[in-house]
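K.L.:
First the structure, which I've put down as structure tokens, then a few questions once you've had a look.
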Amino acid sequence: MSQDPHSPQPVPIPESLRVQLAEFRRHLWRIKVMEAVIAGVIGLVFSFLLVYGLDRIWQTPGLVRLGILIGGTSLFAVFAPLWIHRWVWRHRRENQLAHLIARRFPGLGDRLLGVIELQDQNEHSGSLSPRLRAAAMEAVAAEAAKRTLNEALPPGRHRKWALVAVLLAGGAATVLTLTPRAGSNALKRWLLPLSDTPRYTFTVLDSPPAEMAVPFGESFQITLKLSGETEQKPETGSGRYGLQPVVSASRDNDRYTFEFPGQQDPGTVTFSIGDARHTMRVKPVQRPSAESVVAHIVSPEYLKIPEKTVTLETGVLSVVEGSKVDIKLKTTRPLKEASFGPTVLNASAAAENAPPFMSTQGTLSLSGDESTTSPFDIGPAPFDIPFSWTDEFGLSGANGYKLRIDPLKDAAPTAYLQGVERLKAILPEETVDFEVLTEDDFGLKIAGIEWQGEFTRPTDEKPAFGGMKLSDGGSELRRHSGPAAFSPAAFGISPQKLTIRAYAEDFLPGRPRVYSEPVVLYVLTRDEHAQMLKNQFDRAITELEDLARRERNQFDENQRLEKLSGEDLQKEPNQEKLDAQQEAEAENTRRMEELAQRMEQLMKDAARNGEIDKNTLKKMAESMKDMKDLAAQDMPKVDSKLSEAGDETNTPDKSKKDVQDAVKEQQKVVEKMQKAIDKANDANRRFEAGTFVNRLKKAASEEDGIVQSIRARAEAMFGLKVTDPEFDPADLRRLKESSKQQGDTASDVRWIQEDLSHYLARTDKETFKQILDEMRESKIDLKLEDVRKQFDENFPSSASDSAAIWAAKLTEWAKKLEGEMEKDGGGGGGEGGGDNPEDEDFEFMLRVMKMIQKQQDIRAQTRALEQFLRSNENPSPVP
């Protein structure tokens, strides 16, 4: 097929120009690809070095390292493709190259662009001669051949970038060569930014804590130690608590000790030592302290006290010597370790001559927040136990915590008798009530009372001796307090002197029984009792007479005030006198009331005696009634009127009338007092006469006692001298007691004679005169003294015979007086009676009183016997 001559004919650019443009393109592509690769290398190496450098300053976070890695790899992953796209992809065709050449050579570039366009035109040969196009292309190719197209290339950065890359690579190589561990660590942290690979530092700390508890509000220290693997050892380091000022510390033996002020709020401390950085969380907490301290005590076995637990509130433990003790502490937090000791002698004991002391120490067994010592023995010396502990945070307890142990000696028990007079006289049937109090520091073993009799005159009877247990005690019984009743008649005890004592025993082996202060009871015969009542009656009459004298003096003064006018009575000096009179009357009333009460008790005791004349008792009762009336009715009236007379609101007439009324009432009081005194003196005279009977009977009884005591041993003593070694000591003591008693009886008889003489001078009674004459004629006082001498010379038979004769004579005189008393008074002891209704009423009242007293005595004796029987169910040994 023939070609159409008019169809478009493509005209290629000259080969020389095509080759020149291809060379230009290859050169451009080579440079730009090289730049892209170098830039990627720079990004990677620089990011590695950046991580390495940052790690030298701080603990580079993983996200920061991730960002650096992404930034470094982005030059390869993002920049290089974009760079290649721009310079390679977009400069692959001739026209694109022509545009690039036009930037450097505008004319040449335009003509090259024109030639390239002519190459692509599709026109008929009629419109554009192919020859002309070829000529034009040749002309441009010739011009281009004269030029170096590489000069049109954009400025090349590959050499500079290559230099930078080489320098960075050299730096990386240097880092990896000089610091291989730091470099490899940084490389790993750079390649794996989100891993937990720790930062390598040239300064390495030895396991620094991440958290620490410190004492609340106290300055504290934090010590950091360099590891043996550290490559650097800086001379100083710094630390900062929160935003507070920086604290510096110097290296000392590879340690840095930082001193921080006291803190109250939690915070973070940042440490900087060389390239090492460390943060520590600090939590201020209170030091561990003891919430409670408990002592477990095992007492000595002999005390039989159960084991017990005591909470120590004061830090002092008092415990009996010989105990075993262990201490349990409960602290505010669990402890890591705790110890006690060494124990030290207490300062007060060290200053004295303390007994030997052995120190002890040890560790406490731990269980959570409780710690316990091992048991230790309590010796005789007081000592202190220091304690120390460290809690789970490593904080120690407060300094100086210690316990004081005070050993207690097992003291002797104490015993007391309370509620009773130390010296008391009673009849055998009376009962003495008292309270027994016994105490012991570590438990009573037994408590009770004992009595020991002693005859005050010779007799062949044995003195009373016995006891009564009141409590069996117990290891927990520290104190026993209870009532006790004692009646001599209930225990078959005859008149004698009794010493009663409370006793107590504790559990200490070998300790003797401990006794109270004694109570002495004089168990009297009825004769002795009557004489005692007579003496009390004498004192009561004396006090009554003194009271009457005071009342008469006040009566005289009130009569003087009565003579004053009402106006004068209201003057201040007289008002003061009225006040003084009123106070004196009130005092007299009080004393009269007390005296009436004593007279009432004296009357009851006299009725109990049973051998006191009925008329004597009647006169005593009448006198007592007058005293009661005076204290309850008459004297208060005087007191009231005097008080009204001294009232400041009174009118003169009222004051005058009150004084007059007071004088009238007081006159009655004075008269009634005198009647009471007369009745009392009358009773006393009869009392005194009755006491002569009792005194004679008592003297006769004493002589009989001497006879009975000596005759039993007279044969054994016959023919011996008191100085002979064969003389029995008991017999010698018996002789001496009899001689002493004989002398006392002779003295009593002399006093009876003298008192009879005085009584006879007042009464002039014939029977009393006859007996006094007989006593004087018999010279009994001298004869009794002769009997005493016979005892001293050891003539027991003749002496006892003489004593028996005089005992019979004294009894004879007593019966005579007793008969006279019965004739005069209508019977003794309240028995018998007359036709007088008043006498009958009094006798009835007396019988009722005696019945009541007897019932009371029986109940009291029954109570004493029941208590005694209870004690005998488990009798206590009498030492």
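Every chain in the structure tokens takes a letter, A first, then B, and so on in the order presented; its residues are numbered from 1, and the ligands are numbered from 1 following the presented order.
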Considering only C-alpha atoms, return as a list of chain:residue names whatever protein or nucleic-acid residues lie within 8 Å of segment 241-249 of chain A, sequence-local ones (same chain, fewer than 5 positions apart) excluded.
P.N.:
A:Thr236, A:Tyr256, A:Thr257, A:Phe258, A:Glu259, A:Phe260, A:Gly267, A:Thr268, A:Val269, A:Thr270
K.L.:
With a distance cut-off of 9 Å and only C-alpha atoms, select the neighbouring residues of Met673 of chain A, excluding the residue or stretch itself and same-chain residues fewer than 5 positions from it, and output the selection as a PDB file with N, CA and C atoms, in the first residue's frame.
P.N.:
```
ATOM      1  N   LEU A 544     -24.328  14.961 188.591  1.00  0.00           N
ATOM      2  CA  LEU A 544     -25.653  15.560 188.787  1.00  0.00           C
ATOM      3  C   LEU A 544     -25.570  16.734 189.758  1.00  0.00           C
ATOM      4  N   GLU A 545     -24.817  16.572 190.831  1.00  0.00           N
ATOM      5  CA  GLU A 545     -24.665  17.677 191.791  1.00  0.00           C
ATOM      6  C   GLU A 545     -23.965  18.864 191.152  1.00  0.00           C
ATOM      7  N   LEU A 547     -24.079  19.621 188.005  1.00  0.00           N
ATOM      8  CA  LEU A 547     -25.045  20.212 187.089  1.00  0.00           C
ATOM      9  C   LEU A 547     -26.063  21.064 187.846  1.00  0.00           C
ATOM     10  N   ALA A 548     -26.476  20.593 189.012  1.00  0.00           N
ATOM     11  CA  ALA A 548     -27.417  21.368 189.834  1.00  0.00           C
ATOM     12  C   ALA A 548     -26.774  22.673 190.297  1.00  0.00           C
ATOM     13  N   GLU A 551     -26.888  25.047 187.508  1.00  0.00           N
ATOM     14  CA  GLU A 551     -28.249  25.538 187.268  1.00  0.00           C
ATOM     15  C   GLU A 551     -28.622  26.586 188.326  1.00  0.00           C
ATOM     16  N   ASP A 626     -36.745  11.573 186.925  1.00  0.00           N
ATOM     17  CA  ASP A 626     -36.664  13.017 187.107  1.00  0.00           C
ATOM     18  C   ASP A 626     -35.648  13.626 186.134  1.00  0.00           C
ATOM     19  N   MET A 627     -34.544  12.964 185.928  1.00  0.00           N
ATOM     20  CA  MET A 627     -33.533  13.476 184.997  1.00  0.00           C
ATOM     21  C   MET A 627     -34.082  13.522 183.567  1.00  0.00           C
ATOM     22  N   LEU A 630     -36.501  16.373 183.306  1.00  0.00           N
ATOM     23  CA  LEU A 630     -35.785  17.646 183.270  1.00  0.00           C
ATOM     24  C   LEU A 630     -35.196  17.902 181.874  1.00  0.00           C
ATOM     25  N   LYS A 668     -38.582  25.759 189.243  1.00  0.00           N
ATOM     26  CA  LYS A 668     -39.080  24.389 189.263  1.00  0.00           C
ATOM     27  C   LYS A 668     -37.966  23.412 188.901  1.00  0.00           C
ATOM     28  N   ASP A 678     -31.597  14.018 195.854  1.00  0.00           N
ATOM     29  CA  ASP A 678     -31.939  13.364 197.115  1.00  0.00           C
ATOM     30  C   ASP A 678     -32.268  11.898 196.878  1.00  0.00           C
TER      31      ASP A 678
END
```
K.L.:
Residues within 8 Å of Gly473 of chain A, please, as a PyMOL selection string. Count only C-alpha atoms; anything in the same chain fewer than 2 positions from it doesn't count.
P.N.:
chain A and resi 443-447+471+475+477+480
K.L.:
Hey, what does DSSP flag as strand (DSSP E) within segment 270-509 of chain A? Can you give it to me as a PyMOL selection string?
P.N.:
chain A and resi 270-273+276-285+290-298+308-311+316-320+324-331+335-340+344-345+362-363+365-367+370-372+376-377+383-391+402-408+414-418+423-426+432-439+444-454+465-471+479-486+497-506
K.L.:
Which of these residues is nearest to Ala814 of chain A, using only C-alpha atoms: A:Gln496, A:Asn553, A:Ser701, A:Asn535?
P.N.:
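For Ala814 of chain A, the nearest of the candidates is A:Ser701.
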K.L.:
Skipping near chain neighbours, those fewer than 6 positions away, what residues fall within 8 Å of segment 175-192 of chain A using only C-alpha atoms, listed as an NGL selection string?
P.N.:
:A and (47-48 or 51-52 or 55 or 65-66 or 69 or 199-202)
K.L.:
Give me the residues within 12 Å of Asp506 of chain A as a PyMOL selection string, counting only C-alpha atoms and dropping any in the same chain fewer than 3 places off.
P.N.:
chain A and resi 302-304+410-415+438-447+472-479+503+509-514
K.L.:
Please provide as number ranges by chain all residues within 8 Å of segment 646-652 of chain A, with the sequence filter that same-chain residues fewer than 4 positions apart are discarded (counting only C-alpha atoms).
P.N.:
A: 565-567, 569-570, 575, 578-579, 642, 656
K.L.:
Residues of segment 324-486 of chain A classed as helix (DSSP H, G or I) by DSSP on the backbone are to be reported as a short mmCIF file (atom, residue, chain, number, x, y, z; two decimals) with N, CA and C atoms, in the first residue's frame.
P.N.:
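Below is the file out-v4.cif, written as the result:
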```cif
data_model
loop_
_atom_site.label_atom_id
_atom_site.label_comp_id
_atom_site.auth_asym_id
_atom_site.auth_seq_id
_atom_site.Cartn_x
_atom_site.Cartn_y
_atom_site.Cartn_z
N ALA A 347 16.46 2.85 139.47
CA ALA A 347 17.36 3.86 140.04
C ALA A 347 17.22 3.98 141.55
N SER A 348 15.97 3.92 142.04
CA SER A 348 15.78 4.03 143.49
C SER A 348 16.38 2.85 144.22
N ALA A 349 16.29 1.66 143.60
CA ALA A 349 16.87 0.47 144.24
C ALA A 349 18.39 0.48 144.13
N ALA A 350 18.90 1.02 143.03
CA ALA A 350 20.35 1.05 142.84
C ALA A 350 21.03 1.93 143.87
#
```
K.L.:
How far is it from atom CA of Gly341 of chain A to atom CA of Phe393 of chain A, in Å with one decimal?
P.N.:
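Here the two named atoms are 22.8 Å from each other.
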K.L.:
Write out as a PyMOL selection string which residues come within 12 Å of Ala799 of chain A when counting only C-alpha atoms, dropping same-chain ones fewer than 4 positions away.
P.N.:
chain A and resi 703-704+706-711+714+718+735+738-739+742+783-795+803-806
K.L.:
Given the selection you just returned, output its residues as a file containing C-alpha atoms, formatted as a compact mmCIF listing (two decimals), in the first residue's frame.
P.N.:
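Saved result, out_28.txt, follows:
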```txt
# COMPACT_ATOMS: atom_id res chain seq x y z
CA GLU A 703 -9.93 -16.70 200.82
CA ASP A 704 -11.77 -19.84 199.70
CA ILE A 706 -6.61 -19.55 198.20
CA VAL A 707 -7.57 -22.55 200.34
CA GLN A 708 -8.59 -24.62 197.31
CA SER A 709 -5.45 -23.68 195.39
CA ILE A 710 -3.03 -24.59 198.24
CA ARG A 711 -4.62 -27.67 199.80
CA ALA A 714 0.11 -28.84 200.48
CA PHE A 718 5.32 -29.97 203.22
CA LEU A 735 2.72 -20.01 196.76
CA SER A 738 -1.42 -17.04 197.05
CA SER A 739 0.79 -14.74 199.11
CA GLN A 742 -3.61 -12.80 200.61
CA LYS A 783 -4.51 -11.78 211.12
CA LEU A 784 -4.82 -11.89 207.36
CA GLU A 785 -1.39 -10.34 207.07
CA ASP A 786 -0.06 -13.12 209.34
CA VAL A 787 -1.51 -15.66 206.93
CA ARG A 788 0.39 -14.00 204.11
CA LYS A 789 3.62 -14.34 206.01
CA GLN A 790 2.91 -18.04 206.55
CA PHE A 791 2.70 -18.46 202.80
CA ASP A 792 6.00 -16.65 202.36
CA GLU A 793 7.61 -19.02 204.86
CA ASN A 794 6.05 -22.10 203.22
CA PHE A 795 3.58 -23.18 205.84
CA ALA A 803 -7.58 -18.70 205.47
CA ALA A 804 -10.53 -21.10 205.67
CA ILE A 805 -11.43 -19.78 209.15
CA TRP A 806 -11.38 -16.18 208.01
```
K.L.:
Atom CA of Leu226 of chain A to atom CA of Asp206 of chain A: how many Å, to one decimal?
P.N.:
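It comes out at 5.3 Å.
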K.L.:
Between A:Lys409, A:Lys462, A:Lys679, A:Lys324, which one has atoms that come closest to Lys308 of chain A, using only C-alpha atoms?
P.N.:
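Smallest distance to Lys308 of chain A is found for A:Lys324.
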K.L.:
So, counting only C-alpha atoms, which residue among A:Asp527, A:Glu820, A:Glu737, A:Asp252 is closest to Lys769 of chain A?
P.N.:
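Using only C-alpha atoms, the shortest distance to Lys769 of chain A belongs to A:Glu820.
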K.L.:
Pick out the closest residue to Leu167 of chain A from this set: A:Val41, A:Leu564, A:Ile405, A:Val78. Count only C-alpha atoms.
P.N.:
A:Val41
K.L.:
Just give me the gap between atom CA of Glu435 of chain A and atom CA of Ala484 of chain A in Å, one decimal is fine.
P.N.:
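For atom CA of Glu435 of chain A relative to atom CA of Ala484 of chain A, the distance reads 5.8 Å.
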